[in-house]
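Before any comments, here is the structure.
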Amino acid sequence: MGNLKGRDFLTVNDFSRDELADILHFALQLKTERKNGKNQPLLAGKTLGMIFRKASTRTRVSFEVGMYQLGGTALFLSAQDLQIGRGEPVKDTARVLSRYLDGIMIRTYEHEEVEELAAYAEIPVINGLTDLLHPCQAMADLLTVLEHKGKLEGLKLAYVGDGNNMAHSLLLACSKMGMHVAIASPAGYEPRREIVRAAQENAAAYGTEVLITTEISQAVKAADVLYTDVWASMGQEAERMARIRVFKPYQINREVMQLAAKDAIVMHCLPAHRGEEITDDIMEGPQSVIFDQAENRLHAQKAILAKVM
Ligand code: CP
Ligand code: NVA
C-alpha cells in the first residue's frame, strides 16, 4: 500500500490511479470490518477540524462518525462562528489550526481558498466540496459502482445536468479509473474547459473516452451508470428559477432510462429535488443505488482519513 501520510486530498487528480484504487480497496476492507464488528482504532487520539461555509448533512455526519469509528474526534467548526467569518486570514487560520489538530476538512465556495489553506497548513487538508470540485463524493461514487458492477474498467457513466463541481470530479475520477464518461449539459452550463482538458489527458493515458454534449440521448446511450445532481448548487440560489427553465429537458426519468443499458444503475449525490433533475419513481425505483452512495461517503472517507492523517 502506498504511503499517503501527510498528503492533502483536494482533488482526485492529485493521486495516481494506483493510489485511488488503494483507497477504494481499503474502503471496502474498512466497510466489511465495520459490519463484522471489528474495532478500527487507526486514528486513536487524533482530531479532525471540519470547517463549513455551506450547509451539509452527509459530509458533516459521515466525517464526524468516521473519525469516531476510527478512534479519533471531529470538531464541527462553522465559519460563521470562527474568526475566519470576521475576516481573519485563511493563511493565519491554517497555521493556528495546525498547532491543535491532525487534519482539516473544509467545505467552502472558492476552490482557491482550500488551496491556500492547504498551502499554509502543516497538516493534511481534505476538500469537503468547493464550487469547483467534490472529490470525496466521487470516491464514494466509484466505491458504489465497484460494489454494484464488480468493476470500473470499461463501464460508461453518463452525467445529465449542470457542469458543476460533481460533474468535474466525476470527469476526473472516471477518466482516470478506466470508465468512459459522458456529460450532457445545456449550452452555457458545460463543465469548465480546464477540467475537461485534464479529463481528456487522463482518457488518453488510460484508454477511456470523454464526451461533452448538449444531447442527452447521445450521452445516455448504453450507459451503465446514470448520474445527476441539482440544477442550482449551493451559492446559486438566486439563479434557481432561471435554471429550472433551462434545465427542464435535462432530467433523469423513465424515458431517459430506456436509452441506457438495461441494468444501468442510477446515482445522485443528494440532496435531490424530485421532479427537477430526477423523477420520484426513478429515485425510488429498483435501479437506484442512491442511498448506498450516501452510506459509502462514510467508508470512502474513513479510508482517506486513515491514509492521510
Ligand atoms: N452529497 C453531499 O455532499 O451532501 P451534503 O451536502 O449533505 O454534505
Ligand atoms: N452541486 C451540489 C452538490 C451538493 C452535494 C452543490 O454544490 O450544492
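Chain lettering (A, B, ...) mirrors the order of the C-alpha cells, residue numbering begins at 1 for each chain separately, and ligand numbering begins at 1 in order of display.
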
Next item on the list: Pick out the residues no farther than 10 Å from ligand 1, counting only C-alpha atoms and all ligand atoms, and list them as a count of residues only.
Entry: 32

Note to self: List the spatial neighbours of A:Met67 as a list of chain:residue names - criterion: any atom at most 10 Å away, only C-alpha atoms, same-chain residues fewer than 3 positions off excluded.
What the structure shows: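 My reading of the contact set: A:Pro41, A:Leu42, A:Leu43, A:Ala44, A:Lys46, A:Thr47, A:Leu48, A:Val61, A:Ser62, A:Phe63, A:Glu64, A:Leu70, A:Gly71, A:Gly72, A:Thr73, A:Ala74, A:Leu75, A:Leu298, A:Gln301, A:Lys302, A:Leu305, A:Ala306.
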
Could you pull out all residues of stretch 244-306 of chain A with a DSSP call of helix (DSSP H, G or I) and give them as an mmCIF file with N, CA and C atoms, in the first residue's frame?
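In the end it all went to result-v8.cif:
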data_model
loop_
_atom_site.group_PDB
_atom_site.id
_atom_site.type_symbol
_atom_site.label_atom_id
_atom_site.label_comp_id
_atom_site.auth_asym_id
_atom_site.auth_seq_id
_atom_site.Cartn_x
_atom_site.Cartn_y
_atom_site.Cartn_z
ATOM 1 N N ILE A 244 -34.171 26.443 -13.661
ATOM 2 C CA ILE A 244 -35.224 25.431 -13.823
ATOM 3 C C ILE A 244 -35.738 25.445 -15.262
ATOM 4 N N ARG A 245 -35.866 26.648 -15.839
ATOM 5 C CA ARG A 245 -36.341 26.751 -17.230
ATOM 6 C C ARG A 245 -35.328 26.130 -18.203
ATOM 7 N N VAL A 246 -34.062 26.454 -18.028
ATOM 8 C CA VAL A 246 -33.020 25.983 -18.957
ATOM 9 C C VAL A 246 -32.809 24.470 -18.846
ATOM 10 N N PHE A 247 -32.885 23.961 -17.634
ATOM 11 C CA PHE A 247 -32.503 22.564 -17.399
ATOM 12 C C PHE A 247 -33.663 21.577 -17.559
ATOM 13 N N ARG A 254 -38.175 8.128 -16.764
ATOM 14 C CA ARG A 254 -38.391 6.801 -17.358
ATOM 15 C C ARG A 254 -37.948 6.755 -18.830
ATOM 16 N N GLU A 255 -38.212 7.824 -19.567
ATOM 17 C CA GLU A 255 -37.839 7.841 -20.998
ATOM 18 C C GLU A 255 -36.326 7.799 -21.154
ATOM 19 N N VAL A 256 -35.629 8.574 -20.344
ATOM 20 C CA VAL A 256 -34.162 8.611 -20.422
ATOM 21 C C VAL A 256 -33.582 7.244 -20.039
ATOM 22 N N MET A 257 -34.195 6.596 -19.049
ATOM 23 C CA MET A 257 -33.735 5.270 -18.606
ATOM 24 C C MET A 257 -33.779 4.245 -19.744
ATOM 25 N N GLN A 258 -34.746 4.420 -20.654
ATOM 26 C CA GLN A 258 -34.895 3.479 -21.784
ATOM 27 C C GLN A 258 -33.665 3.468 -22.682
ATOM 28 N N LEU A 259 -32.953 4.579 -22.701
ATOM 29 C CA LEU A 259 -31.812 4.714 -23.607
ATOM 30 C C LEU A 259 -30.539 4.103 -23.017
ATOM 31 N N ASP A 280 -39.417 11.141 -9.089
ATOM 32 C CA ASP A 280 -39.560 10.366 -7.852
ATOM 33 C C ASP A 280 -39.545 8.866 -8.135
ATOM 34 N N ASP A 281 -40.198 8.435 -9.231
ATOM 35 C CA ASP A 281 -40.272 6.990 -9.491
ATOM 36 C C ASP A 281 -38.897 6.398 -9.775
ATOM 37 N N ILE A 282 -38.032 7.148 -10.433
ATOM 38 C CA ILE A 282 -36.671 6.646 -10.721
ATOM 39 C C ILE A 282 -35.840 6.654 -9.442
ATOM 40 N N MET A 283 -36.000 7.695 -8.666
ATOM 41 C CA MET A 283 -35.241 7.781 -7.424
ATOM 42 C C MET A 283 -35.599 6.638 -6.478
ATOM 43 N N ILE A 290 -28.877 5.176 -4.810
ATOM 44 C CA ILE A 290 -28.585 6.499 -4.257
ATOM 45 C C ILE A 290 -28.276 6.456 -2.755
ATOM 46 N N PHE A 291 -28.947 5.594 -2.032
ATOM 47 C CA PHE A 291 -28.691 5.580 -0.579
ATOM 48 C C PHE A 291 -27.458 4.744 -0.222
ATOM 49 N N ASP A 292 -27.103 3.798 -1.111
ATOM 50 C CA ASP A 292 -25.814 3.095 -0.933
ATOM 51 C C ASP A 292 -24.675 4.100 -1.106
ATOM 52 N N GLN A 293 -24.865 4.971 -2.093
ATOM 53 C CA GLN A 293 -23.893 6.035 -2.343
ATOM 54 C C GLN A 293 -23.702 6.890 -1.101
ATOM 55 N N ALA A 294 -24.807 7.295 -0.506
ATOM 56 C CA ALA A 294 -24.733 8.136 0.696
ATOM 57 C C ALA A 294 -23.992 7.389 1.803
ATOM 58 N N GLU A 295 -24.308 6.110 1.977
ATOM 59 C CA GLU A 295 -23.601 5.313 3.000
ATOM 60 C C GLU A 295 -22.107 5.275 2.708
ATOM 61 N N ASN A 296 -21.770 5.116 1.453
ATOM 62 C CA ASN A 296 -20.362 4.942 1.088
ATOM 63 C C ASN A 296 -19.506 6.192 1.304
ATOM 64 N N ARG A 297 -20.134 7.338 1.526
ATOM 65 C CA ARG A 297 -19.355 8.513 1.946
ATOM 66 C C ARG A 297 -18.557 8.158 3.189
ATOM 67 N N LEU A 298 -19.222 7.495 4.121
ATOM 68 C CA LEU A 298 -18.588 7.117 5.388
ATOM 69 C C LEU A 298 -17.366 6.229 5.145
ATOM 70 N N HIS A 299 -17.544 5.183 4.376
ATOM 71 C CA HIS A 299 -16.461 4.198 4.201
ATOM 72 C C HIS A 299 -15.311 4.773 3.369
ATOM 73 N N ALA A 300 -15.654 5.481 2.310
ATOM 74 C CA ALA A 300 -14.608 6.067 1.449
ATOM 75 C C ALA A 300 -13.793 7.089 2.243
ATOM 76 N N GLN A 301 -14.480 7.909 3.027
ATOM 77 C CA GLN A 301 -13.772 8.954 3.783
ATOM 78 C C GLN A 301 -12.952 8.381 4.923
ATOM 79 N N LYS A 302 -13.425 7.298 5.530
ATOM 80 C CA LYS A 302 -12.607 6.657 6.565
ATOM 81 C C LYS A 302 -11.285 6.197 5.967
ATOM 82 N N ALA A 303 -11.363 5.660 4.749
ATOM 83 C CA ALA A 303 -10.128 5.218 4.088
ATOM 84 C C ALA A 303 -9.209 6.409 3.819
ATOM 85 N N ILE A 304 -9.772 7.507 3.349
ATOM 86 C CA ILE A 304 -8.972 8.702 3.068
ATOM 87 C C ILE A 304 -8.355 9.228 4.374
ATOM 88 N N LEU A 305 -9.167 9.361 5.402
ATOM 89 C CA LEU A 305 -8.690 9.871 6.691
ATOM 90 C C LEU A 305 -7.555 9.008 7.237
ATOM 91 N N ALA A 306 -7.781 7.691 7.234
ATOM 92 C CA ALA A 306 -6.780 6.783 7.821
ATOM 93 C C ALA A 306 -5.486 6.812 7.027
#

A:Ser217 environment, 12 Å, only C-alpha atoms, sequence neighbours closer than 6 positions dropped, as a PDB file with N, CA, C and O atoms, in the first residue's frame:
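And here's result-v9.pdb as it stands now:
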ATOM      1  N   ALA A 158     -22.892   8.203 -17.508  1.00  0.00           N
ATOM      2  CA  ALA A 158     -23.479   9.383 -18.156  1.00  0.00           C
ATOM      3  C   ALA A 158     -24.009  10.315 -17.086  1.00  0.00           C
ATOM      4  O   ALA A 158     -24.816   9.910 -16.234  1.00  0.00           O
ATOM      5  N   TYR A 159     -23.529  11.538 -17.108  1.00  0.00           N
ATOM      6  CA  TYR A 159     -23.980  12.560 -16.152  1.00  0.00           C
ATOM      7  C   TYR A 159     -24.874  13.534 -16.918  1.00  0.00           C
ATOM      8  O   TYR A 159     -24.470  14.099 -17.933  1.00  0.00           O
ATOM      9  N   VAL A 160     -26.071  13.737 -16.398  1.00  0.00           N
ATOM     10  CA  VAL A 160     -27.044  14.617 -17.053  1.00  0.00           C
ATOM     11  C   VAL A 160     -27.312  15.822 -16.156  1.00  0.00           C
ATOM     12  O   VAL A 160     -27.748  15.652 -15.015  1.00  0.00           O
ATOM     13  N   ALA A 182     -19.577  10.539 -20.064  1.00  0.00           N
ATOM     14  CA  ALA A 182     -20.269  11.447 -20.977  1.00  0.00           C
ATOM     15  C   ALA A 182     -21.078  12.430 -20.150  1.00  0.00           C
ATOM     16  O   ALA A 182     -21.768  12.040 -19.209  1.00  0.00           O
ATOM     17  N   ILE A 183     -20.975  13.704 -20.500  1.00  0.00           N
ATOM     18  CA  ILE A 183     -21.702  14.747 -19.772  1.00  0.00           C
ATOM     19  C   ILE A 183     -22.685  15.400 -20.739  1.00  0.00           C
ATOM     20  O   ILE A 183     -22.272  15.884 -21.804  1.00  0.00           O
ATOM     21  N   ALA A 184     -23.959  15.436 -20.380  1.00  0.00           N
ATOM     22  CA  ALA A 184     -24.954  16.171 -21.173  1.00  0.00           C
ATOM     23  C   ALA A 184     -25.424  17.374 -20.367  1.00  0.00           C
ATOM     24  O   ALA A 184     -26.060  17.220 -19.320  1.00  0.00           O
ATOM     25  N   SER A 185     -25.080  18.563 -20.841  1.00  0.00           N
ATOM     26  CA  SER A 185     -25.472  19.809 -20.163  1.00  0.00           C
ATOM     27  C   SER A 185     -26.050  20.765 -21.192  1.00  0.00           C
ATOM     28  O   SER A 185     -25.666  20.727 -22.353  1.00  0.00           O
ATOM     29  N   ALA A 223     -25.398   3.630 -21.434  1.00  0.00           N
ATOM     30  CA  ALA A 223     -24.647   3.919 -20.200  1.00  0.00           C
ATOM     31  C   ALA A 223     -24.941   2.866 -19.127  1.00  0.00           C
ATOM     32  O   ALA A 223     -26.060   2.372 -19.002  1.00  0.00           O
ATOM     33  N   LEU A 226     -26.145   6.060 -14.637  1.00  0.00           N
ATOM     34  CA  LEU A 226     -26.750   7.372 -14.898  1.00  0.00           C
ATOM     35  C   LEU A 226     -26.608   8.200 -13.639  1.00  0.00           C
ATOM     36  O   LEU A 226     -26.938   7.729 -12.545  1.00  0.00           O
ATOM     37  N   PRO A 249     -35.270  20.008 -19.814  1.00  0.00           N
ATOM     38  CA  PRO A 249     -35.108  18.747 -20.570  1.00  0.00           C
ATOM     39  C   PRO A 249     -34.028  17.819 -20.005  1.00  0.00           C
ATOM     40  O   PRO A 249     -33.923  16.683 -20.435  1.00  0.00           O
ATOM     41  N   TYR A 250     -33.242  18.295 -19.052  1.00  0.00           N
ATOM     42  CA  TYR A 250     -32.108  17.510 -18.544  1.00  0.00           C
ATOM     43  C   TYR A 250     -32.483  16.796 -17.247  1.00  0.00           C
ATOM     44  O   TYR A 250     -31.965  17.077 -16.187  1.00  0.00           O
ATOM     45  N   GLN A 251     -33.433  15.894 -17.393  1.00  0.00           N
ATOM     46  CA  GLN A 251     -33.974  15.194 -16.240  1.00  0.00           C
ATOM     47  C   GLN A 251     -33.790  13.682 -16.420  1.00  0.00           C
ATOM     48  O   GLN A 251     -33.983  13.162 -17.524  1.00  0.00           O
ATOM     49  N   ILE A 252     -33.462  12.992 -15.367  1.00  0.00           N
ATOM     50  CA  ILE A 252     -33.440  11.528 -15.419  1.00  0.00           C
ATOM     51  C   ILE A 252     -34.834  11.035 -15.063  1.00  0.00           C
ATOM     52  O   ILE A 252     -35.315  11.240 -13.945  1.00  0.00           O
ATOM     53  N   GLU A 255     -38.212   7.824 -19.567  1.00  0.00           N
ATOM     54  CA  GLU A 255     -37.839   7.841 -20.998  1.00  0.00           C
ATOM     55  C   GLU A 255     -36.326   7.799 -21.154  1.00  0.00           C
ATOM     56  O   GLU A 255     -35.795   7.077 -22.009  1.00  0.00           O
ATOM     57  N   VAL A 256     -35.629   8.574 -20.344  1.00  0.00           N
ATOM     58  CA  VAL A 256     -34.162   8.611 -20.422  1.00  0.00           C
ATOM     59  C   VAL A 256     -33.582   7.244 -20.039  1.00  0.00           C
ATOM     60  O   VAL A 256     -32.627   6.767 -20.651  1.00  0.00           O
ATOM     61  N   MET A 257     -34.195   6.596 -19.049  1.00  0.00           N
ATOM     62  CA  MET A 257     -33.735   5.270 -18.606  1.00  0.00           C
ATOM     63  C   MET A 257     -33.779   4.245 -19.744  1.00  0.00           C
ATOM     64  O   MET A 257     -32.952   3.338 -19.798  1.00  0.00           O
ATOM     65  N   GLN A 258     -34.746   4.420 -20.654  1.00  0.00           N
ATOM     66  CA  GLN A 258     -34.895   3.479 -21.784  1.00  0.00           C
ATOM     67  C   GLN A 258     -33.665   3.468 -22.682  1.00  0.00           C
ATOM     68  O   GLN A 258     -33.396   2.488 -23.370  1.00  0.00           O
ATOM     69  N   LEU A 259     -32.953   4.579 -22.701  1.00  0.00           N
ATOM     70  CA  LEU A 259     -31.812   4.714 -23.607  1.00  0.00           C
ATOM     71  C   LEU A 259     -30.539   4.103 -23.017  1.00  0.00           C
ATOM     72  O   LEU A 259     -29.584   3.807 -23.726  1.00  0.00           O
ATOM     73  N   ALA A 260     -30.520   3.934 -21.718  1.00  0.00           N
ATOM     74  CA  ALA A 260     -29.326   3.412 -21.036  1.00  0.00           C
ATOM     75  C   ALA A 260     -29.308   1.887 -21.117  1.00  0.00           C
ATOM     76  O   ALA A 260     -30.252   1.274 -21.619  1.00  0.00           O
TER      77      ALA A 260
END

Note to self: I'd like the interatomic distance between atom CA of A:Phe26 and atom CA of A:Gly154, to a tenth of an Å.
What the structure shows: 22.0 Å

Note to self: Env of stretch 168-180 of chain A: 6 Å cut, atoms = only C-alpha atoms, seq-sep filter 3 positions within chain, self excluded. Answer as JSON, numbers by chain.
What the structure shows: {"A": [133, 134, 135, 138, 152, 153, 154, 155, 156, 165, 199, 202, 203, 208, 209]}

Margin query: Could you check the closest approach to ligand 2 for each of A:Glu201, A:Glu277, A:Glu113, A:Asp81 and tell me which residue wins, using only C-alpha atoms and all ligand atoms?
Written below: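 Closest candidate: A:Glu277.
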
Next item on the list: Output as a PyMOL selection string all residues of stretch 101-223 of chain A that backbone DSSP marks as strand (DSSP E or B).
Entry: chain A and resi 103-107+125-127+156-160+180-184+210-213

Note to self: Using only C-alpha atoms and all ligand atoms for the distances, tell me which of A:Ala167, A:Ala261, A:Met50, A:Ala242 is nearest to ligand 2.
What the structure shows: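 The shortest atom-to-atom distance to ligand 2 comes from A:Ala167.
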
Check: When distances are computed from only C-alpha atoms and all ligand atoms, which of A:Leu28, A:Met105, A:Leu146, A:Leu132 shows the smallest separation from ligand 2?
Finding: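 Using only C-alpha atoms and all ligand atoms, the shortest distance to ligand 2 belongs to A:Leu132.
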
Margin query: With only C-alpha atoms as the counted atoms, please give the residues lying no more than 9 Å from A:Leu82, apart from itself and same-chain residues fewer than 5 positions off, as a ChimeraX atom specification.
Written below: /A:51,77,88
